[in-house]
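**Q** My structure is stored as final.cif, with mmCIF, C-alpha atoms.
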```cif
data_structure
#
loop_
_atom_site.label_atom_id
_atom_site.label_comp_id
_atom_site.auth_asym_id
_atom_site.auth_seq_id
_atom_site.Cartn_x
_atom_site.Cartn_y
_atom_site.Cartn_z
CA MET A 1006 127.54 105.93 115.32
CA THR A 1007 128.11 108.10 118.37
CA ARG A 1008 125.65 108.03 121.19
CA LEU A 1009 124.22 111.42 122.12
CA PRO A 1010 125.15 112.75 125.55
CA GLU A 1011 122.69 112.05 128.36
CA SER A 1012 121.84 115.78 128.61
CA THR A 1013 120.61 115.77 125.01
CA GLN A 1014 118.53 112.66 125.52
CA LEU A 1015 116.90 114.36 128.51
CA ALA A 1016 116.17 117.55 126.54
CA PHE A 1017 113.93 115.36 124.37
CA GLY A 1018 111.89 113.77 127.08
CA PRO A 1019 110.77 111.29 128.14
CA ARG A 1020 107.26 112.72 128.05
CA GLU A 1021 104.03 110.86 128.69
CA GLY A 1022 102.74 108.79 125.81
CA GLU A 1023 105.89 108.96 123.75
CA VAL A 1024 106.98 105.86 121.85
CA ARG A 1025 110.55 104.92 121.05
CA LEU A 1026 111.67 102.58 118.29
CA GLU A 1027 112.94 99.21 119.48
CA ARG A 1028 116.03 99.65 117.38
CA ASP A 1029 117.65 103.09 117.33
CA PRO A 1030 118.29 104.12 113.69
CA ALA A 1031 121.54 105.72 114.90
CA GLU A 1032 122.78 102.25 115.79
CA MET A 1033 121.36 100.27 112.87
CA SER A 1034 123.37 99.19 109.87
CA SER A 1035 122.94 101.95 107.32
CA ASP A 1036 121.05 101.71 104.05
CA ALA A 1037 123.07 104.59 102.61
CA SER A 1038 125.63 107.10 103.76
CA VAL A 1039 125.75 110.87 103.67
CA VAL A 1040 128.74 113.16 103.42
CA PHE A 1041 128.76 116.57 105.05
CA ILE A 1042 129.34 119.28 102.44
CA GLY A 1043 129.73 122.14 104.93
CA HIS A 1044 128.15 123.56 108.05
CA VAL A 1045 125.95 126.34 109.37
CA ALA A 1046 127.34 129.33 111.25
CA SER A 1047 124.40 130.55 113.33
CA PRO A 1048 123.97 132.84 116.36
CA TRP A 1049 122.56 129.89 118.35
CA THR A 1050 124.89 127.92 120.59
CA LEU A 1051 122.39 126.82 123.23
CA ARG A 1052 119.35 124.68 122.55
CA GLU A 1053 117.17 126.88 124.78
CA GLU A 1054 117.80 130.00 122.69
CA CYS A 1055 117.58 128.35 119.27
CA PRO A 1056 114.40 129.38 117.38
CA LYS A 1057 111.94 126.51 116.94
CA ASN A 1058 111.19 127.19 113.28
CA MET A 1059 112.20 129.45 110.40
CA ARG A 1060 109.48 132.00 111.09
CA ALA A 1061 110.71 132.43 114.66
CA ALA A 1062 114.29 132.58 113.40
CA ARG A 1063 113.38 135.35 110.97
CA GLU A 1064 111.62 137.28 113.74
CA THR A 1065 114.90 137.54 115.66
CA GLY A 1066 116.27 139.66 112.81
CA LYS A 1067 119.52 137.71 112.94
CA ALA A 1068 121.12 136.49 109.71
CA ALA A 1069 123.24 133.35 109.39
CA ARG A 1070 125.81 131.76 107.14
CA VAL A 1071 126.33 128.53 105.32
CA GLN A 1072 129.99 127.57 104.91
CA VAL A 1073 130.60 125.06 102.09
CA ASP A 1074 133.77 122.93 102.14
CA ALA A 1075 136.39 123.59 99.43
CA THR A 1076 135.76 120.29 97.61
CA TYR A 1077 132.12 121.17 96.96
CA ARG A 1078 132.44 124.90 96.12
CA PRO A 1079 132.39 124.43 92.31
CA GLY A 1080 128.84 123.15 92.86
CA LEU A 1081 127.73 126.63 93.96
CA VAL A 1082 128.19 128.27 90.54
CA GLY A 1083 124.83 129.57 89.34
CA LEU A 1084 123.08 129.44 92.71
CA GLU A 1085 123.46 133.22 93.01
CA ARG A 1086 120.54 133.54 90.58
CA ALA A 1087 118.13 132.10 93.16
CA SER A 1088 116.33 134.50 95.48
CA HIS A 1089 115.72 131.66 97.96
CA VAL A 1090 117.60 128.47 98.73
CA VAL A 1091 116.60 125.14 100.23
CA VAL A 1092 119.10 124.17 102.91
CA LEU A 1093 119.10 120.54 104.03
CA THR A 1094 120.86 120.04 107.37
CA TRP A 1095 121.83 116.97 109.38
CA LEU A 1096 120.48 117.62 112.88
CA ASP A 1097 123.29 115.81 114.62
CA ARG A 1098 122.27 116.70 118.15
CA SER A 1099 118.84 115.08 118.07
CA PRO A 1100 117.86 111.54 119.04
CA ARG A 1101 116.62 109.35 116.17
CA ASN A 1102 114.45 106.83 118.00
CA LEU A 1103 111.37 108.93 118.94
CA ILE A 1104 108.65 107.68 116.61
CA VAL A 1105 105.69 109.14 118.57
CA GLN A 1106 106.33 112.42 120.33
CA LYS A 1107 104.66 114.88 122.65
CA PRO A 1108 105.67 118.39 121.61
CA ARG A 1109 106.06 120.87 124.45
CA HIS A 1110 102.71 122.63 125.12
CA ALA A 1111 100.85 119.97 123.10
CA THR A 1112 98.08 117.98 124.75
CA GLU A 1113 98.27 114.97 122.45
CA VAL A 1114 101.07 112.80 121.20
CA LYS A 1115 101.81 112.86 117.48
CA GLY A 1116 103.68 110.77 114.96
CA VAL A 1117 107.09 112.14 114.06
CA PHE A 1118 106.16 112.45 110.37
CA SER A 1119 103.33 114.85 111.28
CA LEU A 1120 105.82 117.12 113.08
CA ARG A 1121 108.80 119.25 112.09
CA SER A 1122 110.66 118.07 115.19
CA PRO A 1123 114.46 117.73 114.82
CA ALA A 1124 114.20 114.29 116.45
CA ARG A 1125 113.42 111.88 113.59
CA PRO A 1126 114.70 108.55 112.19
CA ASN A 1127 116.80 110.46 109.64
CA PRO A 1128 117.42 113.82 111.33
CA ILE A 1129 117.21 115.95 108.19
CA GLY A 1130 116.21 119.58 108.57
CA LEU A 1131 114.50 121.42 105.71
CA HIS A 1132 114.94 125.19 105.74
CA VAL A 1133 113.90 127.69 103.08
CA ALA A 1134 115.95 130.87 103.41
CA ARG A 1135 116.41 134.07 101.46
CA LEU A 1136 119.84 134.16 99.84
CA LEU A 1137 121.50 137.49 100.70
CA SER A 1138 124.90 136.85 99.13
CA LEU A 1139 127.04 134.06 97.76
CA ASP A 1140 130.81 133.90 97.35
CA VAL A 1141 131.89 130.79 95.47
CA THR A 1142 135.60 131.25 96.24
CA SER A 1143 135.18 131.25 100.01
CA GLY A 1144 132.13 128.97 99.91
CA ILE A 1145 130.10 131.38 102.04
CA LEU A 1146 126.37 131.96 101.63
CA GLU A 1147 124.67 134.62 103.71
CA ILE A 1148 121.04 133.81 104.43
CA ASP A 1149 118.35 135.79 106.23
CA ALA A 1150 117.84 133.35 109.11
CA ILE A 1151 118.27 129.78 110.30
CA ASP A 1152 116.70 127.73 113.07
CA VAL A 1153 119.56 125.35 113.89
CA LEU A 1154 122.49 125.35 116.30
CA ASP A 1155 125.86 126.77 115.26
CA GLY A 1156 127.99 124.11 113.58
CA THR A 1157 125.13 121.97 112.29
CA PRO A 1158 126.30 120.02 109.20
CA ILE A 1159 124.88 120.74 105.73
CA ILE A 1160 124.07 117.85 103.40
CA ASP A 1161 122.51 119.60 100.38
CA LEU A 1162 121.63 122.97 98.87
CA LYS A 1163 119.02 123.49 96.14
CA PRO A 1164 117.53 126.48 94.37
CA TYR A 1165 113.98 127.07 95.66
CA MET A 1166 111.55 127.09 92.75
CA ALA A 1167 108.14 128.62 93.32
CA SER A 1168 106.61 126.54 90.51
CA ILE A 1169 107.28 123.27 92.32
CA ASP A 1170 107.90 124.28 95.95
CA ALA A 1171 105.39 127.04 96.78
CA PHE A 1172 101.90 126.01 97.92
CA PRO A 1173 100.65 129.10 99.77
CA ASP A 1174 97.18 127.56 100.19
CA ALA A 1175 98.46 124.41 101.93
CA VAL A 1176 96.97 123.87 105.36
CA VAL A 1177 97.51 121.68 108.39
CA ASP A 1178 94.22 121.31 110.27
CA GLY A 1179 94.35 122.53 113.83
CA ARG A 1180 97.79 124.06 113.85
CA GLU A 1181 100.16 126.29 111.95
CA GLY A 1182 103.82 127.08 111.74
CA SER A 1183 105.20 125.35 114.83
CA ARG A 1184 107.61 122.48 114.78
CA MET B 1268 128.64 101.26 98.68
CA THR B 1269 127.53 99.71 95.41
CA ARG B 1270 128.78 101.08 92.13
CA LEU B 1271 126.10 102.15 89.67
CA PRO B 1272 125.88 100.12 86.46
CA GLU B 1273 127.74 101.50 83.46
CA SER B 1274 124.45 102.24 81.66
CA THR B 1275 123.42 104.60 84.47
CA GLN B 1276 126.75 106.38 84.45
CA LEU B 1277 126.34 106.89 80.71
CA ALA B 1278 122.81 108.28 81.11
CA PHE B 1279 124.41 111.11 83.08
CA GLY B 1280 127.03 112.07 80.54
CA PRO B 1281 129.85 112.72 80.16
CA ARG B 1282 128.94 116.07 78.62
CA GLU B 1283 131.31 118.86 77.66
CA GLY B 1284 132.50 121.05 80.52
CA GLU B 1285 131.27 118.79 83.27
CA VAL B 1286 133.44 118.37 86.35
CA ARG B 1287 133.59 115.26 88.52
CA LEU B 1288 134.75 115.14 92.14
CA GLU B 1289 138.14 113.50 92.63
CA ARG B 1290 136.65 111.32 95.33
CA ASP B 1291 133.20 109.85 94.71
CA PRO B 1292 130.97 110.51 97.78
CA ALA B 1293 129.46 107.05 97.18
CA GLU B 1294 132.84 105.55 97.97
CA MET B 1295 133.97 107.85 100.79
CA SER B 1296 133.78 106.99 104.45
CA SER B 1297 130.41 108.29 105.61
CA ASP B 1298 129.84 111.20 107.99
CA ALA B 1299 126.41 109.82 108.91
CA SER B 1300 124.08 107.06 107.85
CA VAL B 1301 120.50 107.02 106.68
CA VAL B 1302 117.88 104.33 107.06
CA PHE B 1303 115.19 103.79 104.45
CA ILE B 1304 111.74 104.19 106.02
CA GLY B 1305 109.81 103.00 102.96
CA HIS B 1306 109.66 103.44 99.23
CA VAL B 1307 107.76 105.07 96.40
CA ALA B 1308 105.37 103.17 94.16
CA SER B 1309 105.26 105.21 90.97
CA PRO B 1310 104.13 104.62 87.37
CA TRP B 1311 107.72 105.23 86.17
CA THR B 1312 109.99 102.25 85.62
CA LEU B 1313 112.18 103.67 82.85
CA ARG B 1314 114.35 106.75 83.24
CA GLU B 1315 113.27 108.05 79.82
CA GLU B 1316 109.60 108.21 80.79
CA CYS B 1317 110.09 109.58 84.31
CA PRO B 1318 108.94 113.22 84.61
CA LYS B 1319 111.82 115.63 85.20
CA ASN B 1320 110.11 117.60 87.96
CA MET B 1321 106.94 117.68 90.06
CA ARG B 1322 105.12 120.04 87.70
CA ALA B 1323 105.69 117.66 84.79
CA ALA B 1324 104.69 114.72 87.00
CA ARG B 1325 101.44 116.47 87.90
CA GLU B 1326 100.71 117.18 84.25
CA THR B 1327 100.66 113.45 83.50
CA GLY B 1328 97.59 113.17 85.73
CA LYS B 1329 99.05 110.03 87.31
CA ALA B 1330 98.95 109.63 91.08
CA ALA B 1331 101.52 107.70 93.11
CA ARG B 1332 101.97 106.04 96.47
CA VAL B 1333 104.37 106.13 99.35
CA GLN B 1334 104.67 102.81 101.22
CA VAL B 1335 106.05 103.18 104.76
CA ASP B 1336 107.66 100.17 106.45
CA ALA B 1337 105.83 98.64 109.46
CA THR B 1338 108.44 99.82 112.00
CA TYR B 1339 107.88 103.46 111.11
CA ARG B 1340 104.07 103.51 110.68
CA PRO B 1341 103.29 104.85 114.17
CA GLY B 1342 105.13 107.98 113.03
CA LEU B 1343 102.35 108.69 110.48
CA VAL B 1344 99.67 109.46 113.09
CA GLY B 1345 98.50 113.03 112.62
CA LEU B 1346 99.93 113.52 109.15
CA GLU B 1347 96.42 113.11 107.69
CA ARG B 1348 95.72 116.69 108.80
CA ALA B 1349 98.20 118.05 106.27
CA SER B 1350 96.91 118.99 102.81
CA HIS B 1351 100.45 118.67 101.41
CA VAL B 1352 103.45 116.61 102.43
CA VAL B 1353 107.18 116.98 101.91
CA VAL B 1354 108.62 113.69 100.67
CA LEU B 1355 112.38 113.26 100.92
CA THR B 1356 113.70 110.46 98.71
CA TRP B 1357 117.09 108.83 98.30
CA LEU B 1358 117.77 108.91 94.55
CA ASP B 1359 119.66 105.66 94.52
CA ARG B 1360 120.07 105.39 90.77
CA SER B 1361 122.01 108.63 90.31
CA PRO B 1362 125.78 109.17 90.37
CA ARG B 1363 127.09 111.29 93.25
CA ASN B 1364 130.31 112.67 91.81
CA LEU B 1365 129.04 115.25 89.28
CA ILE B 1366 129.82 118.60 90.90
CA VAL B 1367 129.46 120.72 87.73
CA GLN B 1368 126.85 119.56 85.24
CA LYS B 1369 125.52 120.38 81.81
CA PRO B 1370 121.77 119.85 81.85
CA ARG B 1371 120.30 118.52 78.61
CA HIS B 1372 119.32 121.45 76.33
CA ALA B 1373 121.40 123.89 78.44
CA THR B 1374 124.13 125.90 76.81
CA GLU B 1375 126.21 126.45 79.92
CA VAL B 1376 127.48 124.21 82.68
CA LYS B 1377 126.12 124.80 86.18
CA GLY B 1378 127.03 123.87 89.71
CA VAL B 1379 125.01 121.00 91.13
CA PHE B 1380 123.66 123.14 93.97
CA SER B 1381 122.07 125.51 91.46
CA LEU B 1382 120.20 122.59 89.88
CA ARG B 1383 117.49 120.16 90.97
CA SER B 1384 119.34 117.33 89.22
CA PRO B 1385 119.05 113.89 90.88
CA ALA B 1386 122.84 113.53 90.53
CA ARG B 1387 124.28 115.22 93.66
CA PRO B 1388 126.81 114.45 96.43
CA ASN B 1389 123.94 113.38 98.70
CA PRO B 1390 121.24 112.26 96.24
CA ILE B 1391 118.26 113.55 98.23
CA GLY B 1392 115.10 114.42 96.33
CA LEU B 1393 112.68 117.03 97.69
CA HIS B 1394 109.10 116.65 96.50
CA VAL B 1395 106.04 118.57 97.66
CA ALA B 1396 102.89 116.57 96.93
CA ARG B 1397 99.21 116.85 97.71
CA LEU B 1398 98.17 114.18 100.20
CA LEU B 1399 95.11 112.37 98.83
CA SER B 1400 94.76 109.70 101.51
CA LEU B 1401 96.67 108.14 104.39
CA ASP B 1402 96.21 104.73 105.98
CA VAL B 1403 98.39 104.32 109.05
CA THR B 1404 97.73 100.58 109.39
CA SER B 1405 98.99 99.68 105.93
CA GLY B 1406 101.48 102.56 105.83
CA ILE B 1407 100.16 103.76 102.48
CA LEU B 1408 99.96 107.40 101.45
CA GLU B 1409 98.36 108.32 98.17
CA ILE B 1410 99.80 111.47 96.64
CA ASP B 1411 98.87 113.41 93.52
CA ALA B 1412 102.14 112.88 91.66
CA ILE B 1413 105.83 112.03 91.96
CA ASP B 1414 108.83 112.53 89.71
CA VAL B 1415 110.95 109.53 90.71
CA LEU B 1416 111.33 105.96 89.52
CA ASP B 1417 109.24 103.16 91.02
CA GLY B 1418 110.93 101.69 94.09
CA THR B 1419 112.91 104.80 95.05
CA PRO B 1420 113.60 104.74 98.82
CA ILE B 1421 112.00 107.25 101.19
CA ILE B 1422 114.07 108.78 103.99
CA ASP B 1423 111.68 111.32 105.55
CA LEU B 1424 108.15 112.70 105.46
CA LYS B 1425 107.13 116.09 106.86
CA PRO B 1426 103.93 118.14 106.91
CA TYR B 1427 104.25 121.03 104.46
CA MET B 1428 103.62 124.31 106.25
CA ALA B 1429 102.83 127.34 104.13
CA SER B 1430 104.08 129.71 106.85
CA ILE B 1431 107.63 128.43 106.58
CA ASP B 1432 107.76 126.61 103.22
CA ALA B 1433 105.76 128.72 100.76
CA PHE B 1434 107.53 131.60 98.99
CA PRO B 1435 105.39 132.17 95.89
CA ASP B 1436 107.41 135.26 94.95
CA ALA B 1437 110.75 133.43 94.90
CA VAL B 1438 112.55 133.64 91.57
CA VAL B 1439 115.49 132.06 89.81
CA ASP B 1440 116.87 134.50 87.23
CA GLY B 1441 116.89 133.16 83.72
CA ARG B 1442 114.99 129.95 84.22
CA GLU B 1443 111.99 128.36 85.87
CA GLY B 1444 110.76 125.04 87.01
CA SER B 1445 113.14 122.64 85.30
CA ARG B 1446 115.53 120.34 87.10
#
```
Represent the structure from my file as structure tokens, please.

**A**
Amino acid sequence: MTRLPESTQLAFGPREGEVRLERDPAEMSSDASVVFIGHVASPWTLREECPKNMRAARETGKAARVQVDATYRPGLVGLERASHVVVLTWLDRSPRNLIVQKPRHATEVKGVFSLRSPARPNPIGLHVARLLSLDVTSGILEIDAIDVLDGTPIIDLKPYMASIDAFPDAVVDGREGSR
Amino acid sequence: MTRLPESTQLAFGPREGEVRLERDPAEMSSDASVVFIGHVASPWTLREECPKNMRAARETGKAARVQVDATYRPGLVGLERASHVVVLTWLDRSPRNLIVQKPRHATEVKGVFSLRSPARPNPIGLHVARLLSLDVTSGILEIDAIDVLDGTPIIDLKPYMASIDAFPDAVVDGREGSR
């Protein structure tokens, strides 16, 4: 597993009260392995300009693309019927050892599993996007927005199903929408 | 990577029109590795009785648990404020090489990325559950339902946020809710 550059480590702290795992998951023996099925083409090449969540990404008005590798393109057949897709990304430029974090502008530290931070033991990003177009031959999906850096690997795509995925009344006490 | 037993392979076909990848992702060199952060304790020990999706799981009226390993429990602090959680599982008893599939009762084959099938190149399950209780010390979350077999590994937990995750008007033409 590659170590992240020092600049990336610094972008994620250290901040007061944060706790790091004794063993970095990026350097542990793996329990299972993922294959990258494609990557994101997004307008965001610098961390500082990358939207912090999908709502902020949408507010920029900038669309994005998902490029699926040739091997996996037959798996896209039928996805065009979905109005929205679940995109699972591998956030390869985030540290994996921050178990308790202090989000910028937050006064208290929080456990990683109560945050949507990209820095997590398994750096998997969950993004629900509107599907604008899909071309199986070229493996290109156009989506309305994305909140990850250009080139971020994709590990799964799923049709979003309101009956199992939409809980409009869900709440998180004391905050909303940030990650 | 371990091969799945023959009985499991048979449970997933072969069915007419299905297409398998030339190279099984389970046997490819990995692009990245995941660590298991815990596992699911569910009422389902046999594939035949396991609900096919979260709606069906909820209809059984049977709750479930997520058990987080000691190392990762500090990451749970703050998650109790969420009414709903996103559970990402590693569906370790599904084949990974079925790129075009014929769901039971379906007349046409479909690409894996247009299905919520557990058999996918990266067998990651996405489950949105109501959080009934959370005990950080023991690492136990009680949730209202789950549609995976007992013992399925967990790879991530996130707070569900309606502002970025809930699209009640999303549609999939020609079907609803099944996986």

**Q** Which residues of chain A are close to chain B, meaning at most 7 Å apart when you count only C-alpha atoms, and how do they look as a ChimeraX atom specification?

**A** /A:1030,1035-1041,1059-1060,1077,1079-1084,1086-1089,1104-1105,1115-1121,1127,1133,1160-1164,1166-1178,1181-1182

**Q** Mind doing a quick least-squares superposition of chain B onto chain A, all C-alpha atoms paired one-to-one in order, and writing it out as a CSV table (one decimal) with C-alpha atoms, in the frame of the given file?

**A**
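Contents of the output file result_8.csv:
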```
chain,number,residue,atom,x,y,z
B,1268,MET,CA,127.6,105.9,115.3
B,1269,THR,CA,128.1,108.1,118.4
B,1270,ARG,CA,125.6,108.0,121.2
B,1271,LEU,CA,124.2,111.4,122.2
B,1272,PRO,CA,125.1,112.7,125.6
B,1273,GLU,CA,122.6,112.0,128.4
B,1274,SER,CA,121.8,115.7,128.7
B,1275,THR,CA,120.6,115.7,125.1
B,1276,GLN,CA,118.5,112.6,125.5
B,1277,LEU,CA,116.9,114.3,128.5
B,1278,ALA,CA,116.1,117.5,126.6
B,1279,PHE,CA,113.9,115.4,124.4
B,1280,GLY,CA,111.9,113.8,127.1
B,1281,PRO,CA,110.8,111.3,128.1
B,1282,ARG,CA,107.2,112.7,128.1
B,1283,GLU,CA,104.0,110.8,128.7
B,1284,GLY,CA,102.7,108.8,125.8
B,1285,GLU,CA,105.9,108.9,123.8
B,1286,VAL,CA,107.0,105.8,121.9
B,1287,ARG,CA,110.6,104.9,121.1
B,1288,LEU,CA,111.7,102.6,118.3
B,1289,GLU,CA,112.9,99.2,119.5
B,1290,ARG,CA,116.0,99.7,117.4
B,1291,ASP,CA,117.7,103.1,117.3
B,1292,PRO,CA,118.3,104.1,113.7
B,1293,ALA,CA,121.6,105.7,114.9
B,1294,GLU,CA,122.8,102.3,115.8
B,1295,MET,CA,121.4,100.3,112.9
B,1296,SER,CA,123.4,99.2,109.9
B,1297,SER,CA,122.9,102.0,107.3
B,1298,ASP,CA,121.0,101.7,104.1
B,1299,ALA,CA,123.1,104.6,102.6
B,1300,SER,CA,125.6,107.1,103.8
B,1301,VAL,CA,125.8,110.9,103.7
B,1302,VAL,CA,128.7,113.2,103.4
B,1303,PHE,CA,128.8,116.6,105.1
B,1304,ILE,CA,129.3,119.3,102.4
B,1305,GLY,CA,129.7,122.1,104.9
B,1306,HIS,CA,128.1,123.6,108.0
B,1307,VAL,CA,126.0,126.3,109.4
B,1308,ALA,CA,127.3,129.3,111.2
B,1309,SER,CA,124.4,130.6,113.3
B,1310,PRO,CA,124.0,132.9,116.3
B,1311,TRP,CA,122.6,129.9,118.3
B,1312,THR,CA,124.9,127.9,120.6
B,1313,LEU,CA,122.4,126.8,123.2
B,1314,ARG,CA,119.3,124.7,122.5
B,1315,GLU,CA,117.2,126.9,124.8
B,1316,GLU,CA,117.8,130.0,122.7
B,1317,CYS,CA,117.6,128.4,119.2
B,1318,PRO,CA,114.4,129.4,117.4
B,1319,LYS,CA,112.0,126.5,116.9
B,1320,ASN,CA,111.2,127.2,113.3
B,1321,MET,CA,112.2,129.5,110.4
B,1322,ARG,CA,109.5,132.0,111.1
B,1323,ALA,CA,110.7,132.4,114.7
B,1324,ALA,CA,114.3,132.6,113.4
B,1325,ARG,CA,113.4,135.3,111.0
B,1326,GLU,CA,111.6,137.3,113.7
B,1327,THR,CA,114.9,137.5,115.6
B,1328,GLY,CA,116.3,139.7,112.8
B,1329,LYS,CA,119.5,137.7,112.9
B,1330,ALA,CA,121.1,136.5,109.7
B,1331,ALA,CA,123.2,133.4,109.4
B,1332,ARG,CA,125.8,131.8,107.1
B,1333,VAL,CA,126.3,128.5,105.3
B,1334,GLN,CA,130.0,127.6,104.9
B,1335,VAL,CA,130.6,125.1,102.1
B,1336,ASP,CA,133.8,122.9,102.1
B,1337,ALA,CA,136.4,123.6,99.4
B,1338,THR,CA,135.8,120.3,97.6
B,1339,TYR,CA,132.1,121.2,97.0
B,1340,ARG,CA,132.4,124.9,96.1
B,1341,PRO,CA,132.4,124.4,92.3
B,1342,GLY,CA,128.9,123.1,92.8
B,1343,LEU,CA,127.7,126.6,94.0
B,1344,VAL,CA,128.2,128.3,90.5
B,1345,GLY,CA,124.8,129.6,89.4
B,1346,LEU,CA,123.1,129.4,92.7
B,1347,GLU,CA,123.5,133.2,93.0
B,1348,ARG,CA,120.5,133.5,90.6
B,1349,ALA,CA,118.1,132.1,93.1
B,1350,SER,CA,116.3,134.5,95.5
B,1351,HIS,CA,115.7,131.7,97.9
B,1352,VAL,CA,117.6,128.5,98.7
B,1353,VAL,CA,116.6,125.2,100.2
B,1354,VAL,CA,119.1,124.2,102.9
B,1355,LEU,CA,119.1,120.6,104.0
B,1356,THR,CA,120.9,120.0,107.4
B,1357,TRP,CA,121.8,117.0,109.4
B,1358,LEU,CA,120.5,117.6,112.9
B,1359,ASP,CA,123.3,115.8,114.6
B,1360,ARG,CA,122.3,116.7,118.2
B,1361,SER,CA,118.8,115.1,118.1
B,1362,PRO,CA,117.9,111.5,119.0
B,1363,ARG,CA,116.6,109.4,116.2
B,1364,ASN,CA,114.5,106.8,118.0
B,1365,LEU,CA,111.4,108.9,118.9
B,1366,ILE,CA,108.7,107.7,116.6
B,1367,VAL,CA,105.7,109.1,118.6
B,1368,GLN,CA,106.3,112.4,120.3
B,1369,LYS,CA,104.7,114.9,122.7
B,1370,PRO,CA,105.6,118.4,121.6
B,1371,ARG,CA,106.1,120.8,124.5
B,1372,HIS,CA,102.7,122.6,125.2
B,1373,ALA,CA,100.8,119.9,123.1
B,1374,THR,CA,98.1,118.0,124.8
B,1375,GLU,CA,98.3,114.9,122.5
B,1376,VAL,CA,101.1,112.8,121.2
B,1377,LYS,CA,101.8,112.9,117.5
B,1378,GLY,CA,103.7,110.8,115.0
B,1379,VAL,CA,107.1,112.2,114.1
B,1380,PHE,CA,106.2,112.5,110.4
B,1381,SER,CA,103.3,114.9,111.3
B,1382,LEU,CA,105.8,117.1,113.1
B,1383,ARG,CA,108.8,119.3,112.1
B,1384,SER,CA,110.7,118.1,115.2
B,1385,PRO,CA,114.5,117.8,114.8
B,1386,ALA,CA,114.2,114.3,116.5
B,1387,ARG,CA,113.4,111.9,113.6
B,1388,PRO,CA,114.7,108.6,112.2
B,1389,ASN,CA,116.8,110.5,109.6
B,1390,PRO,CA,117.4,113.8,111.3
B,1391,ILE,CA,117.2,116.0,108.2
B,1392,GLY,CA,116.2,119.6,108.6
B,1393,LEU,CA,114.5,121.4,105.7
B,1394,HIS,CA,114.9,125.2,105.7
B,1395,VAL,CA,113.9,127.7,103.1
B,1396,ALA,CA,116.0,130.9,103.4
B,1397,ARG,CA,116.4,134.1,101.4
B,1398,LEU,CA,119.8,134.2,99.8
B,1399,LEU,CA,121.5,137.5,100.7
B,1400,SER,CA,124.9,136.9,99.1
B,1401,LEU,CA,127.0,134.1,97.7
B,1402,ASP,CA,130.8,133.9,97.3
B,1403,VAL,CA,131.9,130.8,95.5
B,1404,THR,CA,135.6,131.3,96.2
B,1405,SER,CA,135.2,131.2,100.0
B,1406,GLY,CA,132.1,129.0,99.9
B,1407,ILE,CA,130.1,131.4,102.0
B,1408,LEU,CA,126.4,132.0,101.6
B,1409,GLU,CA,124.7,134.6,103.7
B,1410,ILE,CA,121.1,133.8,104.4
B,1411,ASP,CA,118.4,135.8,106.2
B,1412,ALA,CA,117.8,133.4,109.1
B,1413,ILE,CA,118.3,129.8,110.3
B,1414,ASP,CA,116.7,127.7,113.1
B,1415,VAL,CA,119.6,125.4,113.9
B,1416,LEU,CA,122.5,125.4,116.3
B,1417,ASP,CA,125.9,126.8,115.2
B,1418,GLY,CA,128.0,124.1,113.6
B,1419,THR,CA,125.1,122.0,112.3
B,1420,PRO,CA,126.3,120.0,109.2
B,1421,ILE,CA,124.9,120.7,105.7
B,1422,ILE,CA,124.1,117.9,103.4
B,1423,ASP,CA,122.5,119.6,100.4
B,1424,LEU,CA,121.6,123.0,98.9
B,1425,LYS,CA,119.0,123.5,96.1
B,1426,PRO,CA,117.5,126.5,94.4
B,1427,TYR,CA,114.0,127.1,95.7
B,1428,MET,CA,111.6,127.1,92.7
B,1429,ALA,CA,108.1,128.6,93.3
B,1430,SER,CA,106.6,126.5,90.5
B,1431,ILE,CA,107.3,123.3,92.3
B,1432,ASP,CA,107.9,124.3,96.0
B,1433,ALA,CA,105.4,127.0,96.8
B,1434,PHE,CA,101.9,126.0,97.9
B,1435,PRO,CA,100.6,129.1,99.8
B,1436,ASP,CA,97.2,127.6,100.2
B,1437,ALA,CA,98.5,124.4,101.9
B,1438,VAL,CA,97.0,123.9,105.4
B,1439,VAL,CA,97.5,121.7,108.4
B,1440,ASP,CA,94.2,121.3,110.3
B,1441,GLY,CA,94.4,122.5,113.8
B,1442,ARG,CA,97.8,124.1,113.9
B,1443,GLU,CA,100.2,126.3,112.0
B,1444,GLY,CA,103.8,127.0,111.8
B,1445,SER,CA,105.2,125.3,114.9
B,1446,ARG,CA,107.7,122.4,114.8
```

**Q** I would like the residues chosen by the PyMOL selection byres ((chain B and resi 1362) around 8) on the shown file; could you give them as a PyMOL selection string?

**A** chain B and resi 1271+1275-1276+1279+1360-1361+1363-1365+1386-1387

**Q** Starting from the shown file, work through the PyMOL selection byres ((chain B and resi 1335) around 9) and note down what comes out as number ranges by chain.

**A** B: 1304-1307, 1333-1334, 1336-1340, 1343, 1403, 1405-1408, 1421

**Q** So what do you get for atom CA of A:Ala1068 versus atom CA of A:Leu1139, distance-wise?

**A**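 Those two atoms sit 13.6 Å apart.
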
**Q** Check which residues satisfy the PyMOL selection byres ((chain A and resi 1050) around 9) in the file shown, then give them as an mmCIF file with C-alpha atoms, in the frame of the given file.

**A**
```
data_model
loop_
_atom_site.group_PDB
_atom_site.id
_atom_site.type_symbol
_atom_site.label_atom_id
_atom_site.label_comp_id
_atom_site.auth_asym_id
_atom_site.auth_seq_id
_atom_site.Cartn_x
_atom_site.Cartn_y
_atom_site.Cartn_z
ATOM 1 C CA SER A 1047 124.400 130.550 113.330
ATOM 2 C CA PRO A 1048 123.970 132.840 116.360
ATOM 3 C CA TRP A 1049 122.560 129.890 118.350
ATOM 4 C CA LEU A 1051 122.390 126.820 123.230
ATOM 5 C CA ARG A 1052 119.350 124.680 122.550
ATOM 6 C CA GLU A 1053 117.170 126.880 124.780
ATOM 7 C CA GLU A 1054 117.800 130.000 122.690
ATOM 8 C CA CYS A 1055 117.580 128.350 119.270
ATOM 9 C CA VAL A 1153 119.560 125.350 113.890
ATOM 10 C CA LEU A 1154 122.490 125.350 116.300
ATOM 11 C CA ASP A 1155 125.860 126.770 115.260
ATOM 12 C CA GLY A 1156 127.990 124.110 113.580
#
```
